[in-house]
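Source file: model-v3.pdb. Holds: PDB, C-alpha atoms and all ligand atoms.
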```pdb
ATOM      1  CA  MET A  24       0.000   0.000   0.000
ATOM      2  CA  ARG A  25       1.154   3.507  -0.776
ATOM      3  CA  ILE A  26       0.167   6.746   0.951
ATOM      4  CA  ASP A  27       1.078  10.259  -0.198
ATOM      5  CA  VAL A  28       0.515  13.056   2.314
ATOM      6  CA  LEU A  29       0.260  16.636   1.074
ATOM      7  CA  THR A  30       0.787  19.206   3.818
ATOM      8  CA  LEU A  31       2.189  22.653   4.572
ATOM      9  CA  PHE A  32       3.870  21.216   7.683
ATOM     10  CA  PRO A  33       5.711  18.043   6.624
ATOM     11  CA  ALA A  34       8.045  18.116   9.644
ATOM     12  CA  MET A  35       5.058  17.416  11.907
ATOM     13  CA  LEU A  36       5.134  13.830  10.622
ATOM     14  CA  ASP A  37       8.877  13.138  10.836
ATOM     15  CA  GLY A  38       9.103  11.343  14.161
ATOM     16  CA  PHE A  39       5.636   9.878  13.945
ATOM     17  CA  LEU A  40       6.236   7.988  10.709
ATOM     18  CA  SER A  41       9.637   6.584  11.591
ATOM     19  CA  GLU A  42       8.789   5.278  15.071
ATOM     20  CA  SER A  43       7.359   1.995  16.271
ATOM     21  CA  MET A  44       4.808   0.045  14.223
ATOM     22  CA  LEU A  45       4.713   2.484  11.320
ATOM     23  CA  GLY A  46       8.495   2.609  11.076
ATOM     24  CA  ARG A  47       8.657  -1.167  11.040
ATOM     25  CA  ALA A  48       5.795  -1.491   8.565
ATOM     26  CA  GLN A  49       7.675   0.727   6.139
ATOM     27  CA  GLU A  50      10.954  -1.107   6.620
ATOM     28  CA  ALA A  51       9.103  -4.357   5.954
ATOM     29  CA  LYS A  52       7.666  -2.778   2.762
ATOM     30  CA  LEU A  53       4.108  -3.377   3.932
ATOM     31  CA  LEU A  54       3.509   0.318   3.580
ATOM     32  CA  GLU A  55       5.171   3.117   1.618
ATOM     33  CA  ILE A  56       4.497   6.630   2.907
ATOM     34  CA  LYS A  57       5.678   9.813   1.192
ATOM     35  CA  VAL A  58       5.209  13.227   2.750
ATOM     36  CA  HIS A  59       5.202  16.237   0.429
ATOM     37  CA  ASN A  60       5.361  19.954   1.134
ATOM     38  CA  LEU A  61       2.564  21.731  -0.756
ATOM     39  CA  ARG A  62       4.839  24.732  -1.011
ATOM     40  CA  ASP A  63       6.915  22.788  -3.539
ATOM     41  CA  TRP A  64       4.049  23.281  -6.018
ATOM     42  CA  ALA A  65       3.716  27.028  -5.476
ATOM     43  CA  THR A  66       4.712  28.905  -8.598
ATOM     44  CA  ASP A  67       5.407  32.488  -7.510
ATOM     45  CA  LYS A  68       8.654  33.682  -6.006
ATOM     46  CA  HIS A  69       7.193  33.908  -2.485
ATOM     47  CA  ARG A  70       5.949  30.316  -2.763
ATOM     48  CA  THR A  71       2.433  31.443  -1.846
ATOM     49  CA  THR A  72      -0.069  28.702  -1.052
ATOM     50  CA  ASP A  73      -2.951  30.742   0.379
ATOM     51  CA  ASP A  74      -4.845  33.946  -0.322
ATOM     52  CA  ARG A  75      -7.668  36.108   1.102
ATOM     53  CA  PRO A  76     -11.228  34.794   0.732
ATOM     54  CA  PHE A  77     -13.500  36.197  -1.986
ATOM     55  CA  GLY A  78     -16.467  37.889  -0.317
ATOM     56  CA  GLY A  79     -14.324  38.979   2.602
ATOM     57  CA  GLY A  80     -13.871  37.604   6.074
ATOM     58  CA  ALA A  81     -11.003  36.730   8.328
ATOM     59  CA  GLY A  82      -8.203  34.338   7.530
ATOM     60  CA  MET A  83      -6.636  32.846   4.481
ATOM     61  CA  VAL A  84      -7.736  30.132   2.079
ATOM     62  CA  LEU A  85      -5.559  27.427   0.524
ATOM     63  CA  LYS A  86      -5.301  28.161  -3.209
ATOM     64  CA  CYS A  87      -6.323  25.916  -6.095
ATOM     65  CA  GLU A  88      -3.111  26.039  -8.113
ATOM     66  CA  PRO A  89      -0.604  24.322  -5.791
ATOM     67  CA  VAL A  90      -3.135  21.735  -4.622
ATOM     68  CA  PHE A  91      -4.367  20.743  -8.096
ATOM     69  CA  ALA A  92      -0.756  20.552  -9.316
ATOM     70  CA  ALA A  93       0.333  18.443  -6.332
ATOM     71  CA  ILE A  94      -2.553  15.984  -6.547
ATOM     72  CA  GLU A  95      -2.254  15.670 -10.317
ATOM     73  CA  GLN A  96       1.401  14.800  -9.888
ATOM     74  CA  VAL A  97       1.105  12.182  -7.130
ATOM     75  CA  GLN A  98      -2.236  10.542  -7.990
ATOM     76  CA  THR A  99      -2.476   7.194  -9.784
ATOM     77  CA  PRO A 100      -5.474   5.653 -11.579
ATOM     78  CA  GLY A 101      -7.941   4.326  -9.008
ATOM     79  CA  CYS A 102      -6.289   5.968  -6.017
ATOM     80  CA  ARG A 103      -8.468   7.586  -3.352
ATOM     81  CA  ARG A 104      -7.938  11.305  -2.753
ATOM     82  CA  ILE A 105      -8.919  12.268   0.774
ATOM     83  CA  TYR A 106      -9.230  15.694   2.365
ATOM     84  CA  LEU A 107      -8.949  15.871   6.174
ATOM     85  CA  THR A 108     -11.508  18.273   7.572
ATOM     86  CA  PRO A 109     -13.671  18.586  10.698
ATOM     87  CA  ASP A 110     -16.787  18.630   8.474
ATOM     88  CA  GLY A 111     -15.979  15.287   6.842
ATOM     89  CA  THR A 112     -17.296  11.754   7.462
ATOM     90  CA  PRO A 113     -16.273  10.636  10.969
ATOM     91  CA  LEU A 114     -13.408   8.133  11.048
ATOM     92  CA  SER A 115     -14.604   4.755  12.360
ATOM     93  CA  PRO A 116     -13.053   1.298  12.651
ATOM     94  CA  ALA A 117     -15.058   0.231   9.587
ATOM     95  CA  LEU A 118     -13.748   3.164   7.564
ATOM     96  CA  ALA A 119     -10.164   2.531   8.735
ATOM     97  CA  LEU A 120     -10.507  -1.101   7.644
ATOM     98  CA  GLU A 121     -11.878  -0.093   4.252
ATOM     99  CA  LEU A 122      -9.044   2.405   3.717
ATOM    100  CA  SER A 123      -6.480  -0.249   4.638
ATOM    101  CA  GLN A 124      -7.665  -2.279   1.643
ATOM    102  CA  GLN A 125      -6.900   0.461  -0.886
ATOM    103  CA  LEU A 126      -3.710   0.326  -2.932
ATOM    104  CA  HIS A 127      -3.029   4.053  -2.941
ATOM    105  CA  LEU A 128      -4.282   6.952  -0.821
ATOM    106  CA  VAL A 129      -3.555  10.643  -1.248
ATOM    107  CA  LEU A 130      -4.179  12.546   2.005
ATOM    108  CA  LEU A 131      -4.582  16.305   1.738
ATOM    109  CA  SER A 132      -4.092  18.199   4.968
ATOM    110  CA  GLY A 133      -6.036  21.432   5.068
ATOM    111  CA  HIS A 134      -5.367  24.839   6.392
ATOM    112  CA  TYR A 135      -7.036  26.040   9.577
ATOM    113  CA  GLU A 136      -9.081  28.626   7.685
ATOM    114  CA  GLY A 137     -10.227  26.357   4.880
ATOM    115  CA  ILE A 138      -9.427  25.509   1.294
ATOM    116  CA  ASP A 139     -10.884  26.647  -2.012
ATOM    117  CA  GLN A 140     -14.180  24.795  -2.547
ATOM    118  CA  ARG A 141     -13.225  23.883  -6.132
ATOM    119  CA  ILE A 142     -10.527  21.572  -4.770
ATOM    120  CA  ARG A 143     -13.123  19.704  -2.715
ATOM    121  CA  GLU A 144     -15.553  19.420  -5.595
ATOM    122  CA  LYS A 145     -13.174  18.514  -8.393
ATOM    123  CA  ILE A 146     -10.200  16.588  -7.156
ATOM    124  CA  ILE A 147     -11.197  15.088  -3.780
ATOM    125  CA  ASP A 148     -13.005  11.732  -3.528
ATOM    126  CA  GLN A 149     -13.725  11.637   0.191
ATOM    127  CA  GLU A 150     -13.631  13.972   3.210
ATOM    128  CA  ILE A 151     -12.769  12.562   6.625
ATOM    129  CA  SER A 152     -12.931  14.020  10.143
ATOM    130  CA  ILE A 153     -11.157  12.454  13.105
ATOM    131  CA  GLY A 154     -13.569  13.973  15.616
ATOM    132  CA  ASP A 155     -15.708  16.896  16.650
ATOM    133  CA  TYR A 156     -12.944  19.313  17.510
ATOM    134  CA  VAL A 157     -10.941  21.636  15.294
ATOM    135  CA  LEU A 158      -7.200  21.198  14.895
ATOM    136  CA  THR A 159      -4.997  24.007  13.574
ATOM    137  CA  ASN A 160      -4.419  21.975  10.412
ATOM    138  CA  GLY A 161      -5.151  18.497   9.101
ATOM    139  CA  THR A 162      -1.649  17.046   9.399
ATOM    140  CA  LEU A 163      -2.243  15.336  12.735
ATOM    141  CA  ALA A 164      -5.583  14.117  11.389
ATOM    142  CA  ALA A 165      -3.741  12.521   8.456
ATOM    143  CA  ALA A 166      -1.389  10.887  10.977
ATOM    144  CA  VAL A 167      -4.342   9.504  12.919
ATOM    145  CA  VAL A 168      -5.920   8.072   9.762
ATOM    146  CA  ILE A 169      -2.628   6.431   8.774
ATOM    147  CA  ASP A 170      -2.145   4.951  12.231
ATOM    148  CA  ALA A 171      -5.719   3.674  12.448
ATOM    149  CA  LEU A 172      -5.638   1.990   9.035
ATOM    150  CA  ALA A 173      -2.101   0.596   9.346
ATOM    151  CA  ARG A 174      -3.262  -1.692  12.161
ATOM    152  CA  PHE A 175      -5.510  -3.454   9.644
ATOM    153  CA  ILE A 176      -2.738  -4.176   7.130
ATOM    154  CA  PRO A 177      -1.790  -7.851   7.525
ATOM    155  CA  GLY A 178       1.611  -8.159   9.203
ATOM    156  CA  VAL A 179       1.721  -4.666  10.732
ATOM    157  CA  LEU A 180       0.614  -5.768  14.189
ATOM    158  CA  GLY A 181       2.619  -8.581  15.692
ATOM    159  CA  GLU A 182      -0.272 -10.912  16.380
ATOM    160  CA  GLU A 183      -3.351 -10.872  14.129
ATOM    161  CA  LYS A 184      -5.289 -11.936  17.194
ATOM    162  CA  SER A 185      -4.758  -8.650  18.988
ATOM    163  CA  LEU A 186      -6.992  -7.020  16.376
ATOM    164  CA  THR A 187     -10.082  -9.046  17.120
ATOM    165  CA  THR A 188     -10.118  -8.759  20.899
ATOM    166  CA  GLU A 189      -9.417  -5.057  21.062
ATOM    167  CA  SER A 190     -11.711  -2.164  21.812
ATOM    168  CA  PHE A 191     -14.219  -1.334  19.087
ATOM    169  CA  THR A 192     -13.697  -4.342  16.849
ATOM    170  CA  SER A 193     -16.021  -6.054  19.313
ATOM    171  CA  LYS A 194     -18.065  -2.950  20.227
ATOM    172  CA  LEU A 195     -16.965  -3.456  23.823
ATOM    173  CA  LEU A 196     -14.125  -1.529  25.435
ATOM    174  CA  ASP A 197     -11.002  -3.439  26.423
ATOM    175  CA  PHE A 198     -10.523  -5.414  29.639
ATOM    176  CA  PRO A 199      -7.760  -4.402  32.097
ATOM    177  CA  GLN A 200      -4.297  -5.874  31.600
ATOM    178  CA  TYR A 201      -1.601  -6.678  34.158
ATOM    179  CA  THR A 202       1.964  -7.921  33.999
ATOM    180  CA  ARG A 203       4.636  -8.856  36.539
ATOM    181  CA  PRO A 204       5.114  -8.336  39.446
ATOM    182  CA  ALA A 205       1.921  -9.869  40.856
ATOM    183  CA  VAL A 206       2.056  -7.442  43.777
ATOM    184  CA  TYR A 207       3.317  -3.902  43.305
ATOM    185  CA  ARG A 208       3.338  -1.394  46.185
ATOM    186  CA  GLY A 209       0.712  -3.474  47.910
ATOM    187  CA  MET A 210      -1.553  -3.607  44.818
ATOM    188  CA  SER A 211      -2.365  -7.178  43.785
ATOM    189  CA  VAL A 212      -3.299  -8.481  40.376
ATOM    190  CA  PRO A 213      -6.844  -9.968  40.370
ATOM    191  CA  GLU A 214      -6.635 -13.550  41.657
ATOM    192  CA  VAL A 215      -8.414 -15.070  38.658
ATOM    193  CA  LEU A 216      -5.636 -14.010  36.253
ATOM    194  CA  LEU A 217      -3.120 -16.074  38.238
ATOM    195  CA  SER A 218      -5.406 -19.117  38.433
ATOM    196  CA  GLY A 219      -4.530 -20.629  35.063
ATOM    197  CA  ASN A 220      -8.248 -21.323  34.545
ATOM    198  CA  HIS A 221      -8.841 -20.024  31.034
ATOM    199  CA  GLY A 222     -12.614 -20.373  31.149
ATOM    200  CA  GLU A 223     -12.803 -18.281  34.305
ATOM    201  CA  ILE A 224     -10.354 -15.736  32.897
ATOM    202  CA  GLU A 225     -12.461 -15.310  29.740
ATOM    203  CA  LYS A 226     -15.596 -14.859  31.830
ATOM    204  CA  TRP A 227     -13.920 -12.313  34.099
ATOM    205  CA  ARG A 228     -12.526 -10.354  31.169
ATOM    206  CA  HIS A 229     -15.894 -10.223  29.439
ATOM    207  CA  ALA A 230     -17.600  -9.015  32.618
ATOM    208  CA  GLN A 231     -14.950  -6.297  32.959
ATOM    209  CA  GLN A 232     -15.548  -5.225  29.372
ATOM    210  CA  VAL A 233     -19.290  -4.943  29.870
ATOM    211  CA  GLU A 234     -18.861  -2.996  33.108
ATOM    212  CA  LYS A 235     -16.331  -0.589  31.594
ATOM    213  CA  THR A 236     -18.445  -0.036  28.498
ATOM    214  CA  GLN A 237     -21.567   0.496  30.606
ATOM    215  CA  SER A 238     -19.843   3.175  32.655
ATOM    216  CA  VAL A 239     -17.766   4.982  30.012
ATOM    217  CA  ARG A 240     -19.535   4.427  26.673
ATOM    218  CA  PRO A 241     -23.117   3.236  27.241
ATOM    219  CA  ASP A 242     -23.910   4.384  23.678
ATOM    220  CA  LEU A 243     -21.890   1.421  22.343
ATOM    221  CA  LEU A 244     -24.229  -1.073  24.005
ATOM    222  CA  LYS A 245     -27.391   0.197  22.302
TER     223      LYS A 245
HETATM  224  N1  LIG B   1      -8.536  19.484  10.402
HETATM  225  C1  LIG B   1      -8.776  20.254  11.472
HETATM  226  N2  LIG B   1      -9.521  19.612  12.375
HETATM  227  C2  LIG B   1      -9.753  18.362  11.877
HETATM  228  C3  LIG B   1     -10.471  17.220  12.331
HETATM  229  N3  LIG B   1     -11.117  17.215  13.501
HETATM  230  N4  LIG B   1     -10.502  16.138  11.536
HETATM  231  C4  LIG B   1      -9.887  16.139  10.344
HETATM  232  N5  LIG B   1      -9.198  17.176   9.858
HETATM  233  C5  LIG B   1      -9.131  18.285  10.606
END
```

Just dump the structure as structure tokens.
Ligand code: ADE
Amino acid sequence: MRIDVLTLFPAMLDGFLSESMLGRAQEAKLLEIKVHNLRDWATDKHRTTDDRPFGGGAGMVLKCEPVFAAIEQVQTPGCRRIYLTPDGTPLSPALALELSQQLHLVLLSGHYEGIDQRIREKIIDQEISIGDYVLTNGTLAAAVVIDALARFIPGVLGEEKSLTTESFTSKLLDFPQYTRPAVYRGMSVPEVLLSGNHGEIEKWRHAQQVEKTQSVRPDLLK
């Protein structure tokens, strides 16, 4: 799978993409990610990428020219061109899974003030939001989308099994985890986890999941 990210702030992704799972996924060639600076497609001597809005109002708007040029250069036939924006379709596990099955994604990170509507209408296939809050730009949102979908690419997570038992794949939140030592500063690990009785452990974990979901996210149980 290949992902091209178009952003005005490419350095925001430097550490993120090279660390941990994503770093390893790229080394293993499961995923190829290229980050591009939109400014590279600006044509004037000041490398301008935004301008004042027609009709007036505060702030600046990302211009058509650099964005059309950038997308036209990196896109491939059949790729999906996505714009990250708080007024897009909410990211969900199902959407992350679907994105992970694409061969090529182009992720366009917006500008805090907005982008020219003609970009959205002409050269964007899908608009995605990572939640009901407004970030200063879409670069972190692109990072979140990449991270969420990468987990669904076979081989990226160590054990395929960890996918199926985790929060949201099952619509229940996760159960609590413990590791050694069995007693730390007087706090003991629940007895059942040390019992070796797998049936009882499963039952306990499920009960914990239901209780946690009930208290934190009752909407998931409806
Ligand atoms: N850009 C700014 N805020 C965003 C959000 N919540 N989701 C996606 N892109 C964004």

| request: Could you expand the PyMOL selection byres (((not hetatm)) within 12 of (chain B and resi 1)) into the explicit residues it covers here, written as an MDAnalysis selection string? | output: chainID A and resid 30 105:114 130:138 149:168

Box for segment 95-111 of chain A - axis-aligned, 3 Å on each of the six sides, all listed atoms - centre and size in Å to one decimal, as AutoDock Vina command-line options.
```
--center_x -7.7 --center_y 11.5 --center_z -0.4 --size_x 24.2 --size_y 20.3 --size_z 28.3
```

| note | With distances taken over only C-alpha atoms, the candidate from A:Pro199, A:Ala65, A:Leu217, A:Val129 nearest Ile146 of chain A is A:Val129

| query | What residues come out when you apply the PyMOL selection byres (((chain A and resi 41) around 12) and not hetatm) to this file, written as a list in words? | reply | Ala34, Met35, Leu36, Asp37, Gly38, Phe39, Leu40, Glu42, Ser43, Met44, Leu45, Gly46, Arg47, Ala48, Gln49, Glu50, Leu54, Glu55, Ile56, Lys57, Val58, Ala166 and Asp170 of chain A

| request: Report the distance between atom CA of Ala93 of chain A and atom CA of Leu126 of chain A in Å, rounded to one decimal place. | output: 18.9 Å

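A straight line drawn from atom CA of His229 of chain A to atom CA of Ser115 of chain A is 22.8 Å long.
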
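Minimum distance to Val97 of chain A across A:Arg141, A:His69, A:Arg25, A:Arg62 (counting all atoms listed in the file) occurs at A:Arg25.
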
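Evaluated against the shown file, the PyMOL selection byres (((chain A and resi 88) around 9) and not hetatm) gives Trp64, Ala65, Thr66, Thr72, Lys86, Cys87, Pro89, Val90, Phe91, Ala92 and Ala93 of chain A.
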
Just so I have it separately, write segment 71-85 of chain A from the block I sent, keeping all heavy atoms, as a PDB file, in the first residue's frame.
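Result written to result22.pdb:
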```
ATOM      1  N   THR A  71       3.720  31.221  -2.503  1.00  0.00           N
ATOM      2  CA  THR A  71       2.433  31.443  -1.846  1.00  0.00           C
ATOM      3  C   THR A  71       1.509  30.240  -2.041  1.00  0.00           C
ATOM      4  O   THR A  71       1.361  29.719  -3.140  1.00  0.00           O
ATOM      5  CB  THR A  71       1.726  32.678  -2.465  1.00  0.00           C
ATOM      6  OG1 THR A  71       2.668  33.737  -2.524  1.00  0.00           O
ATOM      7  CG2 THR A  71       0.516  33.081  -1.647  1.00  0.00           C
ATOM      8  N   THR A  72       0.885  29.807  -0.943  1.00  0.00           N
ATOM      9  CA  THR A  72      -0.069  28.702  -1.052  1.00  0.00           C
ATOM     10  C   THR A  72      -1.483  29.115  -0.628  1.00  0.00           C
ATOM     11  O   THR A  72      -2.424  28.368  -0.806  1.00  0.00           O
ATOM     12  CB  THR A  72       0.360  27.518  -0.167  1.00  0.00           C
ATOM     13  OG1 THR A  72       0.620  28.005   1.146  1.00  0.00           O
ATOM     14  CG2 THR A  72       1.595  26.832  -0.726  1.00  0.00           C
ATOM     15  N   ASP A  73      -1.606  30.315  -0.030  1.00  0.00           N
ATOM     16  CA  ASP A  73      -2.951  30.742   0.379  1.00  0.00           C
ATOM     17  C   ASP A  73      -3.202  32.193  -0.018  1.00  0.00           C
ATOM     18  O   ASP A  73      -2.293  32.900  -0.439  1.00  0.00           O
ATOM     19  CB  ASP A  73      -3.161  30.539   1.880  1.00  0.00           C
ATOM     20  CG  ASP A  73      -2.089  31.220   2.725  1.00  0.00           C
ATOM     21  OD1 ASP A  73      -1.309  32.034   2.184  1.00  0.00           O
ATOM     22  OD2 ASP A  73      -2.043  30.929   3.922  1.00  0.00           O
ATOM     23  N   ASP A  74      -4.453  32.602   0.095  1.00  0.00           N
ATOM     24  CA  ASP A  74      -4.845  33.946  -0.322  1.00  0.00           C
ATOM     25  C   ASP A  74      -6.102  34.335   0.444  1.00  0.00           C
ATOM     26  O   ASP A  74      -6.740  33.485   1.064  1.00  0.00           O
ATOM     27  CB  ASP A  74      -5.097  33.948  -1.838  1.00  0.00           C
ATOM     28  CG  ASP A  74      -4.878  35.328  -2.453  1.00  0.00           C
ATOM     29  OD1 ASP A  74      -4.912  36.331  -1.715  1.00  0.00           O
ATOM     30  OD2 ASP A  74      -4.698  35.387  -3.688  1.00  0.00           O
ATOM     31  N   ARG A  75      -6.483  35.631   0.373  1.00  0.00           N
ATOM     32  CA  ARG A  75      -7.668  36.108   1.102  1.00  0.00           C
ATOM     33  C   ARG A  75      -8.950  35.579   0.463  1.00  0.00           C
ATOM     34  O   ARG A  75      -9.007  35.380  -0.749  1.00  0.00           O
ATOM     35  CB  ARG A  75      -7.675  37.638   1.121  1.00  0.00           C
ATOM     36  CG  ARG A  75      -6.634  38.211   2.109  1.00  0.00           C
ATOM     37  CD  ARG A  75      -6.469  39.689   1.920  1.00  0.00           C
ATOM     38  NE  ARG A  75      -6.026  39.966   0.551  1.00  0.00           N
ATOM     39  CZ  ARG A  75      -6.237  41.118  -0.076  1.00  0.00           C
ATOM     40  NH1 ARG A  75      -6.879  42.084   0.513  1.00  0.00           N
ATOM     41  NH2 ARG A  75      -5.787  41.291  -1.312  1.00  0.00           N
ATOM     42  N   PRO A  76      -9.988  35.353   1.277  1.00  0.00           N
ATOM     43  CA  PRO A  76     -11.228  34.794   0.732  1.00  0.00           C
ATOM     44  C   PRO A  76     -12.013  35.814  -0.104  1.00  0.00           C
ATOM     45  O   PRO A  76     -12.133  36.969   0.294  1.00  0.00           O
ATOM     46  CB  PRO A  76     -12.026  34.415   1.989  1.00  0.00           C
ATOM     47  CG  PRO A  76     -11.458  35.233   3.102  1.00  0.00           C
ATOM     48  CD  PRO A  76     -10.030  35.517   2.755  1.00  0.00           C
ATOM     49  N   PHE A  77     -12.538  35.373  -1.245  1.00  0.00           N
ATOM     50  CA  PHE A  77     -13.500  36.197  -1.986  1.00  0.00           C
ATOM     51  C   PHE A  77     -14.707  36.404  -1.086  1.00  0.00           C
ATOM     52  O   PHE A  77     -15.125  35.473  -0.382  1.00  0.00           O
ATOM     53  CB  PHE A  77     -13.966  35.468  -3.256  1.00  0.00           C
ATOM     54  CG  PHE A  77     -13.011  35.608  -4.420  1.00  0.00           C
ATOM     55  CD1 PHE A  77     -12.535  34.473  -5.071  1.00  0.00           C
ATOM     56  CD2 PHE A  77     -12.615  36.875  -4.875  1.00  0.00           C
ATOM     57  CE1 PHE A  77     -11.662  34.593  -6.151  1.00  0.00           C
ATOM     58  CE2 PHE A  77     -11.753  36.990  -5.954  1.00  0.00           C
ATOM     59  CZ  PHE A  77     -11.277  35.852  -6.581  1.00  0.00           C
ATOM     60  N   GLY A  78     -15.287  37.600  -1.144  1.00  0.00           N
ATOM     61  CA  GLY A  78     -16.467  37.889  -0.317  1.00  0.00           C
ATOM     62  C   GLY A  78     -16.087  38.424   1.048  1.00  0.00           C
ATOM     63  O   GLY A  78     -16.961  38.800   1.829  1.00  0.00           O
ATOM     64  N   GLY A  79     -14.797  38.411   1.340  1.00  0.00           N
ATOM     65  CA  GLY A  79     -14.324  38.979   2.602  1.00  0.00           C
ATOM     66  C   GLY A  79     -14.353  37.995   3.746  1.00  0.00           C
ATOM     67  O   GLY A  79     -14.771  36.853   3.585  1.00  0.00           O
ATOM     68  N   GLY A  80     -13.915  38.459   4.891  1.00  0.00           N
ATOM     69  CA  GLY A  80     -13.871  37.604   6.074  1.00  0.00           C
ATOM     70  C   GLY A  80     -12.438  37.419   6.535  1.00  0.00           C
ATOM     71  O   GLY A  80     -11.492  37.736   5.806  1.00  0.00           O
ATOM     72  N   ALA A  81     -12.323  36.889   7.732  1.00  0.00           N
ATOM     73  CA  ALA A  81     -11.003  36.730   8.328  1.00  0.00           C
ATOM     74  C   ALA A  81     -10.299  35.517   7.735  1.00  0.00           C
ATOM     75  O   ALA A  81     -10.931  34.616   7.193  1.00  0.00           O
ATOM     76  CB  ALA A  81     -11.139  36.563   9.836  1.00  0.00           C
ATOM     77  N   GLY A  82      -8.982  35.527   7.845  1.00  0.00           N
ATOM     78  CA  GLY A  82      -8.203  34.338   7.530  1.00  0.00           C
ATOM     79  C   GLY A  82      -7.856  34.183   6.071  1.00  0.00           C
ATOM     80  O   GLY A  82      -8.209  34.999   5.236  1.00  0.00           O
ATOM     81  N   MET A  83      -7.139  33.115   5.816  1.00  0.00           N
ATOM     82  CA  MET A  83      -6.636  32.846   4.481  1.00  0.00           C
ATOM     83  C   MET A  83      -7.154  31.503   3.995  1.00  0.00           C
ATOM     84  O   MET A  83      -7.494  30.636   4.798  1.00  0.00           O
ATOM     85  CB  MET A  83      -5.101  32.813   4.519  1.00  0.00           C
ATOM     86  CG  MET A  83      -4.477  34.114   4.995  1.00  0.00           C
ATOM     87  SD  MET A  83      -4.652  35.435   3.766  1.00  0.00           S
ATOM     88  CE  MET A  83      -3.185  35.157   2.777  1.00  0.00           C
ATOM     89  N   VAL A  84      -7.183  31.342   2.680  1.00  0.00           N
ATOM     90  CA  VAL A  84      -7.736  30.132   2.079  1.00  0.00           C
ATOM     91  C   VAL A  84      -6.667  29.466   1.205  1.00  0.00           C
ATOM     92  O   VAL A  84      -5.981  30.150   0.432  1.00  0.00           O
ATOM     93  CB  VAL A  84      -8.985  30.488   1.235  1.00  0.00           C
ATOM     94  CG1 VAL A  84      -9.518  29.275   0.501  1.00  0.00           C
ATOM     95  CG2 VAL A  84     -10.067  31.116   2.117  1.00  0.00           C
ATOM     96  N   LEU A  85      -6.519  28.177   1.341  1.00  0.00           N
ATOM     97  CA  LEU A  85      -5.559  27.427   0.524  1.00  0.00           C
ATOM     98  C   LEU A  85      -5.973  27.528  -0.950  1.00  0.00           C
ATOM     99  O   LEU A  85      -7.130  27.284  -1.296  1.00  0.00           O
ATOM    100  CB  LEU A  85      -5.547  25.968   0.994  1.00  0.00           C
ATOM    101  CG  LEU A  85      -4.416  25.061   0.531  1.00  0.00           C
ATOM    102  CD1 LEU A  85      -3.035  25.624   0.869  1.00  0.00           C
ATOM    103  CD2 LEU A  85      -4.576  23.679   1.179  1.00  0.00           C
TER     104      LEU A  85
END
```
